[in-house]
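Here is final.cif, consisting of mmCIF, C-alpha atoms and all ligand atoms:
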data_start
loop_
_atom_site.label_atom_id
_atom_site.label_comp_id
_atom_site.auth_asym_id
_atom_site.auth_seq_id
_atom_site.Cartn_x
_atom_site.Cartn_y
_atom_site.Cartn_z
CA MET A 1 -38.45 -54.70 29.44
CA TYR A 2 -36.21 -57.03 31.41
CA VAL A 3 -37.99 -58.77 34.26
CA VAL A 4 -36.15 -59.97 37.35
CA ASN A 5 -36.18 -63.73 37.96
CA MET A 6 -36.73 -64.56 34.33
CA ILE A 7 -34.04 -66.51 32.51
CA TYR A 8 -33.03 -64.97 29.22
CA PHE A 9 -32.36 -67.03 26.11
CA GLN A 10 -33.52 -64.21 23.90
CA CYS A 11 -30.23 -63.23 22.25
CA ASP A 12 -26.47 -63.55 22.53
CA TYR A 13 -25.83 -59.98 23.62
CA ALA A 14 -27.91 -59.72 26.78
CA GLU A 15 -24.93 -59.49 29.12
CA GLY A 16 -21.80 -57.31 29.17
CA ALA A 17 -18.63 -59.06 28.14
CA ASP A 18 -16.44 -62.01 28.92
CA PRO A 19 -14.86 -61.23 32.33
CA ALA A 20 -11.33 -61.37 30.87
CA ILE A 21 -12.22 -58.41 28.66
CA ILE A 22 -13.64 -56.40 31.55
CA GLU A 23 -10.49 -57.14 33.59
CA ARG A 24 -8.26 -56.00 30.71
CA LEU A 25 -10.27 -52.84 30.14
CA SER A 26 -9.96 -52.11 33.82
CA SER A 27 -6.23 -52.89 34.15
CA THR A 28 -5.41 -50.68 31.15
CA ASN A 29 -7.79 -47.92 32.19
CA MET A 30 -5.19 -45.34 33.18
CA GLU A 31 -2.92 -45.94 30.19
CA GLN A 32 -2.58 -43.02 27.85
CA SER A 33 -2.74 -43.92 24.20
CA GLU A 34 -3.13 -42.62 20.66
CA GLY A 35 -6.69 -42.21 19.43
CA TYR A 36 -8.58 -43.61 16.45
CA GLY A 37 -7.19 -47.14 16.59
CA LEU A 38 -3.53 -46.19 16.34
CA ASP A 39 -2.78 -47.39 19.89
CA LYS A 40 -0.61 -50.39 20.71
CA HIS A 41 -3.57 -52.62 21.68
CA SER A 42 -5.35 -52.11 18.36
CA ILE A 43 -2.11 -52.73 16.49
CA ARG A 44 -1.48 -55.93 18.44
CA ALA A 45 -5.08 -57.11 18.07
CA LYS A 46 -4.79 -56.74 14.30
CA GLU A 47 -1.50 -58.64 14.30
CA LEU A 48 -3.02 -61.47 16.35
CA ILE A 49 -5.98 -61.72 13.97
CA LYS A 50 -3.75 -61.73 10.88
CA LYS A 51 -1.60 -64.43 12.39
CA ARG A 52 -4.60 -66.53 13.38
CA ILE A 53 -6.17 -66.40 9.93
CA GLY A 54 -2.81 -66.98 8.24
CA LYS A 55 -2.88 -63.77 6.20
CA GLU A 56 -0.10 -61.37 7.11
CA ASN A 57 -1.05 -59.08 4.22
CA ALA A 58 -4.70 -58.63 5.26
CA ASP A 59 -5.99 -55.24 6.36
CA VAL A 60 -7.96 -55.40 9.59
CA HIS A 61 -10.28 -52.61 10.78
CA LEU A 62 -11.98 -52.63 14.15
CA LEU A 63 -15.53 -51.28 14.09
CA VAL A 64 -18.27 -51.03 16.67
CA GLY A 65 -21.34 -52.81 15.27
CA GLY A 66 -22.54 -55.16 12.57
CA THR A 67 -24.85 -52.88 10.59
CA GLU A 68 -22.16 -50.22 10.53
CA THR A 69 -19.59 -52.75 9.30
CA ASN A 70 -21.85 -54.08 6.53
CA ARG A 71 -22.81 -50.57 5.46
CA ILE A 72 -19.26 -49.29 5.22
CA ALA A 73 -17.78 -52.43 3.68
CA ILE A 74 -20.44 -52.74 0.99
CA GLN A 75 -20.52 -49.03 0.21
CA ALA A 76 -16.73 -48.94 -0.12
CA ALA A 77 -16.66 -51.83 -2.58
CA LEU A 78 -19.42 -50.86 -5.00
CA ARG A 79 -19.62 -48.32 -7.82
CA PRO A 80 -22.67 -46.01 -7.61
CA TYR A 81 -24.85 -48.11 -9.95
CA GLN A 82 -24.03 -51.48 -8.41
CA GLY A 83 -25.90 -53.66 -5.95
CA VAL A 84 -25.28 -56.63 -3.70
CA LEU A 85 -26.85 -60.08 -3.97
CA SER A 86 -28.11 -61.49 -0.68
CA PRO A 87 -30.41 -64.25 0.52
CA ASP A 88 -33.90 -62.76 1.03
CA THR A 89 -33.48 -63.57 4.72
CA GLY A 90 -29.96 -62.04 4.85
CA HIS A 91 -29.38 -59.51 7.60
CA ILE A 92 -28.71 -56.67 5.15
CA ALA A 93 -31.94 -57.47 3.32
CA ALA A 94 -34.27 -58.06 6.23
CA HIS A 95 -32.96 -56.43 9.40
CA GLU A 96 -30.90 -53.33 8.67
CA THR A 97 -33.60 -50.72 8.04
CA GLY A 98 -32.39 -50.12 4.51
CA ALA A 99 -28.88 -49.21 5.74
CA ILE A 100 -27.31 -50.50 2.52
CA GLU A 101 -29.96 -48.89 0.31
CA SER A 102 -29.41 -45.59 2.16
CA THR A 103 -25.93 -45.52 0.60
CA GLY A 104 -27.47 -45.79 -2.88
CA HIS A 105 -26.82 -49.51 -3.36
CA LYS A 106 -29.71 -51.88 -3.87
CA VAL A 107 -29.84 -55.21 -2.04
CA LEU A 108 -30.77 -57.76 -4.72
CA THR A 109 -32.46 -60.67 -3.00
CA LEU A 110 -32.39 -64.33 -3.97
CA PRO A 111 -34.78 -66.87 -2.40
CA ASN A 112 -33.09 -68.67 0.47
CA ILE A 113 -32.94 -72.40 0.93
CA ASP A 114 -32.48 -73.18 4.63
CA GLY A 115 -31.14 -69.63 5.01
CA LYS A 116 -28.63 -70.00 2.17
CA ILE A 117 -28.12 -69.15 -1.48
CA ASN A 118 -26.01 -71.14 -3.91
CA ALA A 119 -23.65 -70.61 -6.81
CA ASP A 120 -26.26 -71.65 -9.42
CA GLN A 121 -28.65 -68.95 -8.21
CA VAL A 122 -25.88 -66.36 -8.45
CA ARG A 123 -24.91 -67.47 -11.96
CA ALA A 124 -28.55 -67.46 -13.11
CA TYR A 125 -29.16 -63.97 -11.71
CA VAL A 126 -26.06 -62.50 -13.31
CA LYS A 127 -26.78 -64.21 -16.65
CA GLU A 128 -30.33 -62.91 -16.67
CA HIS A 129 -29.03 -59.42 -15.92
CA TYR A 130 -26.51 -59.35 -18.77
CA ASP A 131 -28.84 -61.16 -21.21
CA SER A 132 -31.44 -58.47 -20.73
CA PRO A 133 -31.62 -55.85 -23.47
CA THR A 134 -32.26 -53.33 -20.70
CA ALA A 135 -29.40 -54.43 -18.43
CA GLU A 136 -28.04 -50.90 -18.25
CA HIS A 137 -31.39 -49.67 -16.98
CA THR A 138 -31.18 -51.87 -13.92
CA VAL A 139 -28.84 -52.27 -10.96
CA GLN A 140 -25.68 -54.21 -11.81
CA PRO A 141 -24.95 -57.15 -9.46
CA ALA A 142 -21.39 -56.68 -8.17
CA MET A 143 -21.11 -58.50 -4.87
CA VAL A 144 -22.43 -61.57 -3.10
CA TYR A 145 -23.25 -61.17 0.59
CA ILE A 146 -23.81 -64.14 2.85
CA SER A 147 -23.54 -64.61 6.57
CA GLU A 148 -21.85 -67.56 8.24
CA PRO A 149 -23.83 -68.82 10.12
CA THR A 150 -27.02 -67.71 8.35
CA GLU A 151 -29.93 -65.86 9.95
CA SER A 152 -31.48 -69.20 10.86
CA GLY A 153 -28.27 -70.59 12.34
CA THR A 154 -27.49 -72.89 9.41
CA LEU A 155 -24.04 -73.28 7.90
CA TYR A 156 -22.64 -73.14 4.41
CA SER A 157 -20.35 -76.13 3.94
CA LYS A 158 -16.81 -75.62 2.67
CA LYS A 159 -17.92 -77.04 -0.68
CA GLU A 160 -20.75 -74.49 -0.90
CA LEU A 161 -18.37 -71.66 0.03
CA ILE A 162 -15.88 -72.77 -2.62
CA ALA A 163 -18.67 -72.94 -5.20
CA LEU A 164 -19.73 -69.38 -4.33
CA ARG A 165 -16.09 -68.23 -4.48
CA GLU A 166 -15.66 -69.81 -7.92
CA ALA A 167 -18.89 -68.31 -9.23
CA THR A 168 -18.08 -64.82 -7.94
CA LYS A 169 -14.57 -64.99 -9.37
CA GLU A 170 -15.82 -66.16 -12.74
CA LEU A 171 -18.51 -63.44 -12.82
CA GLY A 172 -16.30 -60.64 -11.50
CA LEU A 173 -18.24 -60.16 -8.25
CA PHE A 174 -16.86 -59.54 -4.78
CA PHE A 175 -17.56 -62.17 -2.13
CA TYR A 176 -18.32 -60.74 1.31
CA ILE A 177 -19.02 -62.85 4.40
CA ASP A 178 -20.79 -61.36 7.43
CA GLY A 179 -19.40 -63.15 10.46
CA ALA A 180 -21.43 -61.49 13.20
CA ARG A 181 -21.60 -64.97 14.77
CA LEU A 182 -18.62 -66.53 13.03
CA GLY A 183 -17.31 -67.94 16.31
CA TYR A 184 -20.48 -70.00 16.73
CA ALA A 185 -20.20 -71.31 13.17
CA LEU A 186 -16.61 -72.43 13.72
CA ALA A 187 -17.59 -74.07 17.02
CA SER A 188 -20.35 -76.18 15.50
CA PRO A 189 -19.73 -79.93 15.22
CA LYS A 190 -21.23 -79.65 11.70
CA CYS A 191 -18.67 -77.03 10.61
CA ASP A 192 -16.22 -78.38 8.02
CA PHE A 193 -14.21 -75.20 7.39
CA THR A 194 -11.72 -73.14 9.37
CA ILE A 195 -11.24 -69.42 9.81
CA GLU A 196 -8.23 -69.79 7.50
CA ASP A 197 -10.60 -71.15 4.81
CA ILE A 198 -12.86 -68.13 5.23
CA ALA A 199 -9.83 -65.86 4.77
CA ASP A 200 -8.84 -67.84 1.66
CA LEU A 201 -12.28 -67.65 0.09
CA ALA A 202 -13.69 -64.19 0.87
CA ASP A 203 -12.67 -60.82 -0.51
CA MET A 204 -13.78 -59.39 2.82
CA PHE A 205 -15.30 -60.83 5.96
CA TYR A 206 -15.78 -59.80 9.52
CA ILE A 207 -15.21 -61.53 12.81
CA GLY A 208 -18.10 -60.66 15.08
CA GLY A 209 -17.26 -59.66 18.60
CA THR A 210 -20.51 -58.16 19.94
CA LYS A 211 -22.35 -61.49 19.88
CA CYS A 212 -19.29 -63.59 20.68
CA GLY A 213 -18.08 -62.32 24.04
CA ALA A 214 -17.01 -58.71 23.43
CA LEU A 215 -18.68 -55.71 24.98
CA PHE A 216 -18.98 -54.51 21.39
CA GLY A 217 -16.89 -54.66 18.26
CA GLU A 218 -16.43 -56.32 14.89
CA ALA A 219 -13.12 -56.97 13.14
CA LEU A 220 -13.41 -56.40 9.39
CA VAL A 221 -10.77 -58.27 7.41
CA ILE A 222 -10.01 -57.13 3.87
CA LEU A 223 -8.14 -59.65 1.74
CA ASN A 224 -8.62 -58.25 -1.75
CA ASP A 225 -6.07 -55.46 -2.40
CA GLN A 226 -8.61 -53.67 -4.61
CA LEU A 227 -10.77 -53.04 -1.55
CA LYS A 228 -8.08 -51.84 0.82
CA LYS A 229 -7.39 -48.34 -0.48
CA ASP A 230 -8.49 -45.41 1.69
CA PHE A 231 -10.66 -47.60 3.88
CA ARG A 232 -10.01 -45.50 6.97
CA TYR A 233 -11.38 -42.47 5.10
CA MET A 234 -14.57 -44.46 4.54
CA ILE A 235 -14.78 -45.37 8.20
CA LYS A 236 -14.25 -41.80 9.36
CA GLN A 237 -16.71 -40.30 6.87
CA ASN A 238 -19.32 -42.70 8.20
CA GLY A 239 -18.72 -41.56 11.75
CA ALA A 240 -17.34 -44.94 12.72
CA LEU A 241 -13.68 -44.21 13.49
CA LEU A 242 -13.87 -44.54 17.26
CA ALA A 243 -11.78 -41.87 19.01
CA LYS A 244 -11.18 -44.25 21.93
CA GLY A 245 -10.34 -46.98 19.44
CA ARG A 246 -8.28 -48.78 22.03
CA MET A 247 -11.54 -50.04 23.57
CA LEU A 248 -11.87 -52.21 20.47
CA GLY A 249 -8.20 -53.10 20.35
CA ILE A 250 -8.12 -54.30 23.95
CA GLN A 251 -11.17 -56.47 23.40
CA PHE A 252 -9.93 -58.20 20.25
CA GLU A 253 -6.47 -58.54 21.76
CA THR A 254 -8.02 -60.41 24.68
CA LEU A 255 -10.24 -62.53 22.43
CA PHE A 256 -7.40 -63.57 20.14
CA GLU A 257 -4.88 -64.40 22.82
CA ASP A 258 -4.99 -68.11 23.65
CA ASP A 259 -7.90 -68.69 21.24
CA ARG A 260 -10.33 -67.29 23.81
CA TYR A 261 -12.74 -66.32 21.00
CA PHE A 262 -12.98 -69.93 19.89
CA ASN A 263 -13.25 -71.41 23.38
CA ILE A 264 -16.03 -69.06 24.47
CA THR A 265 -18.18 -69.82 21.45
CA LYS A 266 -17.56 -73.56 21.65
CA LYS A 267 -19.06 -73.71 25.15
CA ALA A 268 -22.11 -71.75 24.00
CA VAL A 269 -22.72 -74.08 21.05
CA GLU A 270 -22.43 -77.16 23.28
CA LYS A 271 -25.19 -75.75 25.50
CA ALA A 272 -27.39 -74.88 22.51
CA LEU A 273 -27.07 -78.41 21.20
CA ARG A 274 -28.10 -79.85 24.57
CA ILE A 275 -31.20 -77.66 24.38
CA ARG A 276 -31.82 -78.81 20.79
CA GLU A 277 -31.57 -82.42 21.94
CA ALA A 278 -34.18 -81.81 24.64
CA PHE A 279 -36.65 -80.41 22.09
CA GLU A 280 -35.97 -83.38 19.82
CA LYS A 281 -36.40 -85.83 22.69
CA LYS A 282 -39.73 -84.23 23.47
CA GLY A 283 -40.79 -84.68 19.83
CA ILE A 284 -40.93 -80.93 19.19
CA PRO A 285 -40.00 -80.04 15.60
CA LEU A 286 -37.25 -77.52 14.90
CA PHE A 287 -37.20 -74.99 12.09
CA GLY A 288 -34.21 -75.46 9.78
CA THR A 289 -31.08 -77.33 10.66
CA SER A 290 -29.19 -75.11 13.08
CA TYR A 291 -26.26 -76.68 14.87
CA THR A 292 -24.97 -73.33 16.13
CA ASN A 293 -25.91 -71.23 19.16
CA GLN A 294 -29.41 -70.37 17.94
CA GLN A 295 -32.21 -72.94 18.09
CA PHE A 296 -35.63 -72.54 16.51
CA PRO A 297 -38.24 -74.93 17.97
CA ILE A 298 -41.77 -74.77 16.59
CA LEU A 299 -44.10 -74.48 19.56
CA SER A 300 -47.85 -74.59 20.18
CA ASN A 301 -49.48 -71.72 22.07
CA GLU A 302 -49.69 -73.92 25.19
CA GLN A 303 -45.98 -74.77 25.00
CA ILE A 304 -45.13 -71.08 24.61
CA LYS A 305 -47.29 -70.23 27.61
CA ALA A 306 -45.60 -72.93 29.70
CA LEU A 307 -42.07 -71.78 28.84
CA GLU A 308 -42.89 -68.08 29.03
CA LYS A 309 -43.45 -68.38 32.77
CA ASP A 310 -39.72 -68.67 33.43
CA TYR A 311 -37.86 -67.94 30.21
CA VAL A 312 -37.56 -65.12 27.75
CA PHE A 313 -37.11 -66.11 24.12
CA GLU A 314 -37.80 -64.51 20.77
CA LEU A 315 -40.94 -65.09 18.69
CA TRP A 316 -39.51 -65.65 15.21
CA GLY A 317 -42.44 -66.37 12.86
CA LYS A 318 -45.50 -68.49 12.15
CA SER A 319 -45.53 -72.11 10.99
CA GLY A 320 -49.16 -73.07 10.39
CA ASP A 321 -50.99 -72.69 13.68
CA LYS A 322 -47.70 -72.92 15.61
CA THR A 323 -44.93 -70.40 16.22
CA ILE A 324 -41.23 -70.60 15.45
CA VAL A 325 -39.31 -69.22 18.43
CA ARG A 326 -35.61 -68.63 18.98
CA PHE A 327 -33.52 -69.73 21.93
CA CYS A 328 -29.97 -68.36 21.95
CA THR A 329 -27.00 -69.28 24.07
CA SER A 330 -23.86 -67.20 24.51
CA TRP A 331 -20.58 -67.01 26.39
CA ALA A 332 -22.69 -65.99 29.41
CA THR A 333 -25.18 -68.87 29.45
CA SER A 334 -24.66 -70.85 32.64
CA ASP A 335 -24.81 -74.61 32.99
CA GLU A 336 -27.41 -74.13 35.69
CA ASN A 337 -29.80 -72.19 33.44
CA THR A 338 -29.22 -74.62 30.58
CA GLU A 339 -30.16 -77.56 32.81
CA LYS A 340 -33.24 -75.72 34.13
CA LEU A 341 -34.45 -75.06 30.59
CA ILE A 342 -33.82 -78.65 29.57
CA SER A 343 -35.82 -80.00 32.47
CA SER A 344 -38.66 -77.52 31.74
CA ILE A 345 -38.74 -78.68 28.11
CA LEU A 346 -38.79 -82.33 29.09
CA SER A 347 -41.51 -81.84 31.68
CA MET A 348 -43.86 -79.79 29.46
C1 LIG A 401 -25.61 -61.68 10.73
C2 LIG A 401 -25.75 -60.32 11.34
N1 LIG A 401 -25.17 -59.28 10.74
C3 LIG A 401 -25.25 -58.04 11.25
C4 LIG A 401 -25.94 -57.78 12.42
C5 LIG A 401 -26.08 -56.37 12.89
O1 LIG A 401 -25.39 -56.12 14.02
P1 LIG A 401 -25.71 -54.82 14.91
O2 LIG A 401 -26.99 -55.09 15.62
O3 LIG A 401 -24.51 -54.73 15.79
O4 LIG A 401 -25.81 -53.65 14.00
C6 LIG A 401 -26.58 -58.85 13.09
C7 LIG A 401 -27.33 -58.60 14.33
O5 LIG A 401 -28.12 -59.37 14.79
C8 LIG A 401 -26.49 -60.15 12.52
O6 LIG A 401 -27.09 -61.20 13.10
#
Take the structure in this file and express it as structure tokens.
Ligand SMILES: Cc1ncc(COP(=O)(O)O)c(C=O)c1O
Amino acid sequence: MYVVNMIYFQCDYAEGADPAIIERLSSTNMEQSEGYGLDKHSIRAKELIKKRIGKENADVHLLVGGTETNRIAIQAALRPYQGVLSPDTGHIAAHETGAIESTGHKVLTLPNIDGKINADQVRAYVKEHYDSPTAEHTVQPAMVYISEPTESGTLYSKKELIALREATKELGLFFYIDGARLGYALASPKCDFTIEDIADLADMFYIGGTKCGALFGEALVILNDQLKKDFRYMIKQNGALLAKGRMLGIQFETLFEDDRYFNITKKAVEKALRIREAFEKKGIPLFGTSYTNQQFPILSNEQIKALEKDYVFELWGKSGDKTIVRFCTSWATSDENTEKLISSILSM
């Protein structure tokens, strides 16, 4: 339950939406438009996205949430007996209540290293599958799923992405990138790839809106022609073709005008890195190497108690007798609250 007077660093979707989006939703409120994403705002939003990623021939579909996007995208790509490789910590493996499995497709997990998997692991898994005399009695790996950034806020480098692209191409697998927080990845000072690179490397990826300034919404981009056919049928059958689709169109139109999407997330990452610095200065270890909007300090019970008085943050997991917690910034994090948290950390 939300408590008044507490400062929330719990997640990046605690507030509504970037004010520019609310203004645009309000100023277009009385417009009459076609339903199901065929309105002029959705069409323009898709054009802006295609232009920005440098892929005029991409198909873009605007969906409401991340789980829904993953479920539909993966289900649409796979044959009935196929499964998707994912880091064991991947969102589809660990946090989607079996949404992928509910479509009949197994999530095949690989052990993560700092939240990531690599091309060698993919090659080894696929080789082992086809070398097995009982290959046909098991689920066939047909796609690699990763998220950028990962669950623990880390980033795949461009080199690692290229290696995964090469492996998937060589092995005949699709390469799908979940970009629920893609804006925060691109805004990181450690990021060495662009959104154009992502569009070059993936068969499909999505640009997350919900966690990056939108009220809700994810823009799924399909690059591989094989995956484009009848996609709107898939969306509708899954109950995800929003009748008032213009709500999504208006939001992505606003986010992709003037690079708003990229500016919003950049500010959030800058604040997260100031918070990271404060933990480091205080000698508090951090879990993993996140240079995005999520930070994972490892705190003692006393430190948790001290910070819990004024701040809400997520308990993430155990590390010996200490606890990994998550502090998140977003488009809505104020400088004032960032400074307050920093001074609380330093005075613990
Ligand atoms: C990487 C990633 N993918 C997908 C999702 C799911 O999004 P939603 O909660 O909108 O279903 C999340 C949510 O935290 C996420 O972090």
In terms of only C-alpha atoms, the residue from A:Thr265, A:Ser86, A:Thr323, A:Ser300 at minimal distance from Glu151 of chain A is A:Ser86
Need the neighbours of (-36.7, -63.7, 34.8): which residues are at most 10 Å away, counting all atoms listed in the file, as a list in words?
Tyr2, Val3, Val4, Asn5, Met6, Ile7, Tyr8, Glu308, Lys309, Asp310, Tyr311 and Val312 of chain A
How would you write, as JSON, numbers by chain, the set of residues no farther than 10 Å from ligand LIG 401 (chain A) when counting all atoms listed in the file?
{"A": [11, 12, 13, 63, 64, 65, 66, 67, 68, 69, 70, 71, 90, 91, 92, 95, 96, 99, 146, 147, 148, 149, 150, 151, 152, 153, 177, 178, 179, 180, 181, 182, 206, 208, 209, 210, 211, 216, 217, 218]}
Can you spit out the residues from that selection as a short mmCIF file (atom, residue, chain, number, x, y, z; two decimals), in the coordinates of the input, using C-alpha atoms?
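The result, written out as part-v4.cif:
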data_model
loop_
_atom_site.label_atom_id
_atom_site.label_comp_id
_atom_site.auth_asym_id
_atom_site.auth_seq_id
_atom_site.Cartn_x
_atom_site.Cartn_y
_atom_site.Cartn_z
CA CYS A 11 -30.23 -63.23 22.25
CA ASP A 12 -26.47 -63.55 22.53
CA TYR A 13 -25.83 -59.98 23.62
CA LEU A 63 -15.53 -51.28 14.09
CA VAL A 64 -18.27 -51.03 16.67
CA GLY A 65 -21.34 -52.81 15.27
CA GLY A 66 -22.54 -55.16 12.57
CA THR A 67 -24.85 -52.88 10.59
CA GLU A 68 -22.16 -50.22 10.53
CA THR A 69 -19.59 -52.75 9.30
CA ASN A 70 -21.85 -54.08 6.53
CA ARG A 71 -22.81 -50.57 5.46
CA GLY A 90 -29.96 -62.04 4.85
CA HIS A 91 -29.38 -59.51 7.60
CA ILE A 92 -28.71 -56.67 5.15
CA HIS A 95 -32.96 -56.43 9.40
CA GLU A 96 -30.90 -53.33 8.67
CA ALA A 99 -28.88 -49.21 5.74
CA ILE A 146 -23.81 -64.14 2.85
CA SER A 147 -23.54 -64.61 6.57
CA GLU A 148 -21.85 -67.56 8.24
CA PRO A 149 -23.83 -68.82 10.12
CA THR A 150 -27.02 -67.71 8.35
CA GLU A 151 -29.93 -65.86 9.95
CA SER A 152 -31.48 -69.20 10.86
CA GLY A 153 -28.27 -70.59 12.34
CA ILE A 177 -19.02 -62.85 4.40
CA ASP A 178 -20.79 -61.36 7.43
CA GLY A 179 -19.40 -63.15 10.46
CA ALA A 180 -21.43 -61.49 13.20
CA ARG A 181 -21.60 -64.97 14.77
CA LEU A 182 -18.62 -66.53 13.03
CA TYR A 206 -15.78 -59.80 9.52
CA GLY A 208 -18.10 -60.66 15.08
CA GLY A 209 -17.26 -59.66 18.60
CA THR A 210 -20.51 -58.16 19.94
CA LYS A 211 -22.35 -61.49 19.88
CA PHE A 216 -18.98 -54.51 21.39
CA GLY A 217 -16.89 -54.66 18.26
CA GLU A 218 -16.43 -56.32 14.89
#
Segment 3-105 of chain A residues near segment 234-241 of chain A within 7 Å, closest pair each, using all atoms listed in the file, as JSON lines:
{"residue": "A:Tyr36", "atom": "CA", "partner": "A:Leu241", "partner_atom": "CA", "distance": 5.9}
{"residue": "A:Leu63", "atom": "CA", "partner": "A:Ala240", "partner_atom": "CA", "distance": 6.7}
{"residue": "A:Ile72", "atom": "CA", "partner": "A:Ile235", "partner_atom": "CA", "distance": 6.7}
{"residue": "A:Ala76", "atom": "CA", "partner": "A:Met234", "partner_atom": "CA", "distance": 6.8}
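Take atom CA of Gly213 of chain A and atom CA of Glu23 of chain A: the distance between them is 13.3 Å.
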Adding 8 Å on each side of the box along x, y and z that holds all listed atoms of segment 246-260 of chain A, could you give its centre and edge lengths in Å to one decimal, as JSON?
{"center_x": -8.4, "center_y": -58.7, "center_z": 22.4, "size_x": 23.0, "size_y": 35.9, "size_z": 20.5}
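Using all atoms listed in the file, the smallest distance between any of A:Lys46, A:Lys228, A:Arg52, A:Lys40 and Ala199 of chain A comes from A:Arg52.
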Name the residues in contact with Ala58 of chain A at a cut-off of 10 Å, using all atoms listed in the file, excluding same-chain residues fewer than 6 positions from it; report them as a short mmCIF file (atom, residue, chain, number, x, y, z; two decimals) with C-alpha atoms, in the coordinates of the input.
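Dumped to part.cif:
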data_model
loop_
_atom_site.label_atom_id
_atom_site.label_comp_id
_atom_site.auth_asym_id
_atom_site.auth_seq_id
_atom_site.Cartn_x
_atom_site.Cartn_y
_atom_site.Cartn_z
CA LYS A 46 -4.79 -56.74 14.30
CA GLU A 47 -1.50 -58.64 14.30
CA ILE A 49 -5.98 -61.72 13.97
CA LYS A 50 -3.75 -61.73 10.88
CA LYS A 51 -1.60 -64.43 12.39
CA ALA A 199 -9.83 -65.86 4.77
CA MET A 204 -13.78 -59.39 2.82
CA LEU A 220 -13.41 -56.40 9.39
CA VAL A 221 -10.77 -58.27 7.41
CA ILE A 222 -10.01 -57.13 3.87
CA LEU A 223 -8.14 -59.65 1.74
CA ASN A 224 -8.62 -58.25 -1.75
CA ASP A 225 -6.07 -55.46 -2.40
CA LYS A 228 -8.08 -51.84 0.82
#
Residues proximal to (-28.6, -71.8, 6.6) were defined as those with any atom within 12 Å of that point in the file's coordinates, counting only C-alpha atoms. Which are they, as a count of residues only?
35
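Using all atoms listed in the file, the shortest contact distance between Phe313 of chain A and any of A:Leu171, A:Cys328, A:Leu299, A:Val84 is found at A:Cys328.
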One decimal, in Å: what's the spacing between atom CA of Ala14 of chain A and atom CA of Ala306 of chain A?
22.3 Å
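Taking atom CA of Ser188 of chain A and atom CA of Asn263 of chain A as endpoints, the distance between them is 11.6 Å.
If all atoms listed in the file are the atoms counted, then among A:Ala272, A:Ile21, A:Ile304, A:Leu227 the closest residue to Ser344 of chain A is A:Ile304.
Among the candidates A:Ile250, A:Glu34, A:Asp197, A:Ala278, the residue lying nearest to Lys340 of chain A is A:Ala278 (atoms considered: all atoms listed in the file).
Close contacts of Pro19 of chain A, defined as residues with an atom at most 12 Å away when counting all atoms listed in the file, with chain neighbours fewer than 3 positions off set aside, comprise Glu15, Gly16, Ile22, Glu23, Arg24, Leu25, Ser26, Gly213, Ala214, Leu215, Gln251, Thr254, Leu255, Arg260, Ile264, Trp331 and Ala332 of chain A.
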Closest pair table for segment 64-124 of chain A residues within 12 Å of segment 200-203 of chain A, only C-alpha atoms, as CSV:
residue,atom,partner,partner_atom,distance
A:Ala73,CA,A:Asp203,CA,10.7
A:Ile74,CA,A:Asp203,CA,11.3
A:Ala77,CA,A:Asp203,CA,10.1
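Omitting Ala45 of chain A and its sequence neighbours fewer than 2 positions away, and counting all atoms listed in the file, the residues within 6 Å are His41, Ser42, Ile43, Glu47, Leu48, Gly249, Phe252 and Glu253 of chain A.
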Counting all atoms listed in the file, what is within 10 Å of Ile275 of chain A, bar same-chain residues fewer than 6 positions away, as a ChimeraX atom specification?
/A:269,281,293-295,297,327-329,338-339,341-343,345
Minimum-distance residue to Phe262 of chain A, chosen among A:Ile162, A:Ile284, A:Leu242, A:Cys212 (using all atoms listed in the file):
A:Cys212
